[in-house]
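For reference, the structure discussed in these notes is given below.
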Amino acid sequence: MDDIDTQNIELQLLLQAIYLKYGYDFRNYAKASIKRRVQHRLSKDGLESISAMQNKVLYDVAFFETLLLDLSINVTEMFRDPKFYLELRKVIIPHLKKYPFLKIWHAGCSSGEEVYSMAIILKEEGLYDRTQIYATDMNEVVLKQAKDGIFNISRLKQYTANYQKAGGQESFSDYYTAHYDHAVMSKSLKENILFSDHNLATDGVFGEMNLIMCRNVLIYFNRDLQNRVLSLFSDSLPNDGVLCLGSKESIRFSAFSDSFEDIVREEKIYRKIKTKLT
Amino acid sequence: MEFEAVVIGSSAGGIKALSSVLSALPSNFPLPIIIVQHLHPQSDSYLAKILESKSQLKVKQADEKESIIDGMVYIAPPNYHLLIEDDRSFSLSIEGPVNFARPSVDVLFETAIYGYRDKIIAIILTGANHDGGIGVKKIKQSGGYIIVQTPESAEADAMPKAAIAATNVDKILPLEQIGPFLLQLVNSSVKKRFGKYDRHKISKFSRP
């Protein structure tokens with residue numbers, strides 16, 4: 001057994017300690033990314049080993065909160081993958097228009113950029129007023145950012161370009177107010193969004209949805225946890241319900257490949273179908 | 001020294017450089033080759049097609065959770081970091097750019113150690129930023145082998161220079177010699193592997 005094997009044991013113990021003490025469950029996350037970020041925190045703070053970090057996590061809540069932000073990846077942007085949003089507008093919106101009332105669950109919404117992107121499309125397509133959006137994340141810090149809807153102005157130029165590539169026809173600056181170095185998203189976009197705390201690794205289903213967005217969240221999970229989350233989604237969608245994953249995520253090799261069919265294969269937009277009883 | 005994987009980092013001018021390296025390798029090259037080339041975030045999968053047309057090897061964009069197969073060439077998808085897990089499968093991540101890059105060479109190289117330990121050959125080619133410096137340092141510390149393109153032969157010399165400054169690299173070569181040298185290095189490691197096996201057998205049987 002070499003140092004890398006020993007570090008793997010330490011990492012496993014650290015994740016177990018975090019789960020037992022704080023209830024956040026990273027044990028079924030894909031390991032490489034977690035390990036790399038733990039190692040970077042280690043050298044940044046001059047800690048001797050992952051075991052030393054475990055000790056600190058258990059007794060120092062402030063340190064744990066820093067580490068939690070390291071471990072939960074909260075990088076997102078408005079209209080990330082503009083082609084996805086273009087397909088959403090072209091293909092999925094007409095389908096949603098047949099419902100008198102819509103429920104959308106944005107799972108793992110992070111700081112909310114993609115939630116506001118969806119809200120803008122719903123507004124422009126005349127669906128917003130009959131939609132309830134549930135935007136959830138496990139991390140309360142980013143959830144608060146999402147709720148505030150305040151974004152750094154330096155990113156707005158790119159968001160505007162993304163918006164246009166995603167088929168946006170209006171003036172994007174109508175959706176926010178600029179204050180010095182930040183932009184505050186328009187209040188009218190927030191009215192029908194409910195932001196709440198939900199952990200995909202440990203919490204359950206909370207309602208029947210017409211559409212679920214969960215983009216670039218599953219890539220951080222191992223197969224077991226991916227299947228757990230897809231089971232939550234499958235249970236939350238009626239037949240014909242829509243599931244949107246990230247461009248590099250696929251349901252094809254999961255335990256739920258038979259419960260969904262492609263609507264837009266390239267952009268990983270799926271429809272829930274009736275599964276044959278066996 | 002036995003090797004089990006090749007990782008390559010390249011940036012500005014990289015497509016030409018990668019084509020040169022890959023074109024020198026035969027279709028039965030025994031190791032997987034895993035590449036981070038910096039690309040525009042919204043470019044599609046054209047790079048795999050270009051490189052496949054220049055090479056006798058199969059080239060594809062790496063998929064999330066895909067198991068790494070010997071003899072295949074994998075490219076990191078644009079706008080995602082590519083990581084290697086303990087079990088030698090790929091993970092993707094959209095965590096922020098590292099050295100202004102996503103995919104980042106450092107992220108691939110650092111995590112390659114998780115899957116391949118000291119059995120790595122890492123190559124740094126042309127590029128206009130410092131990405132890869134930390135990665136080669138860590139691979140070298142873990143016992144891997146580092147090849148860097150000579151800065152003079154690189155279209156952009158910042159990346160080779162950063163790698164050379166970061167650690168005591170094993171070999172600095174002009175571009176056209178990198179492919180042939182890689183092949184020779186891998187072949188001799190395969191030969192050594194058999195050599196060691198023979199010696200082991202002899203000593204075992206000659207024991208009184």
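Naming works like this for the structure tokens: A, B, ... for the chains as they're shown, residue 1 at the start of each chain, ligands 1 onward in shown order.
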
Contacts of stretch 141-158 of chain A at 9 Å (only C-alpha atoms; same-chain gap of 6+ positions) as a list in words: Leu69, Asn74, Glu77, Met78, Cys109, Ser110, Ser111, Gly112, Glu113, Val115, Tyr116, Ala135, Ser173, Ala178, His179, Tyr180, Asp181, His182, Ala183, Val184, Met185, Ser186, Lys187, Lys190, Ile193, Leu194, Phe195, Ser196 and Asp197 of chain A

Sorted by chain and rising residue number, which residues of stretch 92-172 of chain A lie within 12 Å of stretch 243-267 of chain A, and what are their closest atom pairs and distances in Å to one decimal, counting only C-alpha atoms, as a tab-separated table?
```
residue	atom	partner	partner_atom	distance
A:Ile92	CA	A:Ile263	CA	8.6
A:His95	CA	A:Ile263	CA	11.0
A:Ile104	CA	A:Leu243	CA	10.0
A:Trp105	CA	A:Leu243	CA	9.7
A:His106	CA	A:Cys244	CA	9.5
A:Ala107	CA	A:Leu245	CA	10.3
A:Gly108	CA	A:Leu245	CA	11.3
A:Glu114	CA	A:Gly246	CA	11.7
A:Met118	CA	A:Cys244	CA	11.9
```

Chain A contacts on chain B, only C-alpha atoms, 7 Å, as an NGL selection string: :B and (64 or 83-85 or 91-96 or 111)

Stretch 23-199 of chain B: residues DSSP assigns to strand (DSSP E), reported as JSON, numbers by chain: {"B": [33, 34, 35, 36, 37, 58, 59, 60, 61, 72, 73, 74, 75, 81, 82, 83, 84, 90, 91, 92, 93, 120, 121, 122, 123, 124, 145, 146, 147, 148, 149, 171, 172, 173]}

Store the residues of this selection in a file with N, CA and C atoms, as a compact mmCIF listing (two decimals), in the first residue's frame.
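Output (out-v9.txt):
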```txt
# COMPACT_ATOMS: atom_id res chain seq x y z
N ILE B 33 -4.02 7.48 -24.91
CA ILE B 33 -3.47 8.84 -24.99
C ILE B 33 -4.61 9.80 -24.67
N ILE B 34 -4.40 10.62 -23.66
CA ILE B 34 -5.49 11.48 -23.19
C ILE B 34 -5.04 12.93 -23.32
N ILE B 35 -5.84 13.72 -24.05
CA ILE B 35 -5.38 15.05 -24.48
C ILE B 35 -6.28 16.17 -23.97
N VAL B 36 -5.66 17.21 -23.42
CA VAL B 36 -6.36 18.49 -23.22
C VAL B 36 -5.77 19.48 -24.21
N GLN B 37 -6.61 19.94 -25.13
CA GLN B 37 -6.24 21.02 -26.05
C GLN B 37 -7.20 22.16 -25.74
N LYS B 58 -7.59 5.38 -33.19
CA LYS B 58 -8.98 5.84 -33.03
C LYS B 58 -9.00 7.02 -32.07
N VAL B 59 -9.69 8.10 -32.44
CA VAL B 59 -9.74 9.31 -31.62
C VAL B 59 -11.19 9.63 -31.31
N LYS B 60 -11.48 9.89 -30.04
CA LYS B 60 -12.85 10.30 -29.70
C LYS B 60 -12.86 11.31 -28.56
N GLN B 61 -13.97 12.03 -28.46
CA GLN B 61 -14.15 12.92 -27.32
C GLN B 61 -14.48 12.06 -26.10
N MET B 72 -6.51 3.82 -27.35
CA MET B 72 -7.46 4.84 -27.82
C MET B 72 -6.88 6.23 -27.54
N VAL B 73 -7.29 7.19 -28.36
CA VAL B 73 -6.94 8.59 -28.10
C VAL B 73 -8.21 9.32 -27.66
N TYR B 74 -8.14 10.00 -26.53
CA TYR B 74 -9.30 10.71 -26.00
C TYR B 74 -9.00 12.21 -25.94
N ILE B 75 -10.01 13.02 -26.30
CA ILE B 75 -9.89 14.47 -26.25
C ILE B 75 -10.87 15.00 -25.21
N HIS B 81 -13.80 20.43 -17.76
CA HIS B 81 -12.56 19.81 -17.32
C HIS B 81 -12.69 18.31 -17.47
N LEU B 82 -11.56 17.66 -17.81
CA LEU B 82 -11.54 16.21 -17.91
C LEU B 82 -10.70 15.66 -16.76
N LEU B 83 -11.27 14.74 -16.01
CA LEU B 83 -10.59 14.16 -14.85
C LEU B 83 -10.52 12.64 -14.97
N ILE B 84 -9.52 12.04 -14.32
CA ILE B 84 -9.38 10.59 -14.34
C ILE B 84 -9.59 10.04 -12.93
N PHE B 90 -13.36 8.21 -16.89
CA PHE B 90 -13.35 9.68 -16.96
C PHE B 90 -14.46 10.30 -16.12
N SER B 91 -14.19 11.48 -15.59
CA SER B 91 -15.23 12.35 -15.05
C SER B 91 -15.12 13.69 -15.75
N LEU B 92 -16.23 14.40 -15.82
CA LEU B 92 -16.22 15.76 -16.36
C LEU B 92 -16.62 16.71 -15.26
N SER B 93 -16.23 17.96 -15.40
CA SER B 93 -16.60 18.95 -14.40
C SER B 93 -16.67 20.33 -15.05
N ILE B 120 2.94 7.18 -15.79
CA ILE B 120 2.45 8.18 -16.73
C ILE B 120 3.59 8.80 -17.53
N ILE B 121 3.36 8.96 -18.84
CA ILE B 121 4.22 9.84 -19.65
C ILE B 121 3.40 11.10 -19.91
N ALA B 122 3.90 12.25 -19.48
CA ALA B 122 3.19 13.51 -19.70
C ALA B 122 3.95 14.33 -20.72
N ILE B 123 3.21 14.90 -21.68
CA ILE B 123 3.84 15.69 -22.74
C ILE B 123 3.22 17.08 -22.78
N ILE B 124 4.08 18.10 -22.78
CA ILE B 124 3.59 19.49 -22.94
C ILE B 124 4.06 20.00 -24.29
N TYR B 145 7.08 10.38 -16.16
CA TYR B 145 8.11 10.81 -17.11
C TYR B 145 7.58 12.02 -17.89
N ILE B 146 8.40 13.08 -17.99
CA ILE B 146 7.92 14.32 -18.62
C ILE B 146 8.69 14.63 -19.90
N ILE B 147 7.94 14.85 -20.98
CA ILE B 147 8.54 15.29 -22.25
C ILE B 147 7.97 16.67 -22.58
N VAL B 148 8.84 17.60 -22.96
CA VAL B 148 8.37 18.94 -23.32
C VAL B 148 8.92 19.31 -24.70
N GLN B 149 8.07 19.95 -25.49
CA GLN B 149 8.51 20.45 -26.79
C GLN B 149 9.50 21.60 -26.58
N LYS B 171 12.88 15.10 -20.78
CA LYS B 171 13.33 15.22 -22.17
C LYS B 171 12.74 16.47 -22.79
N ILE B 172 13.57 17.25 -23.48
CA ILE B 172 13.09 18.42 -24.22
C ILE B 172 13.43 18.18 -25.67
N LEU B 173 12.41 18.12 -26.53
CA LEU B 173 12.64 17.71 -27.92
C LEU B 173 11.93 18.63 -28.90
```
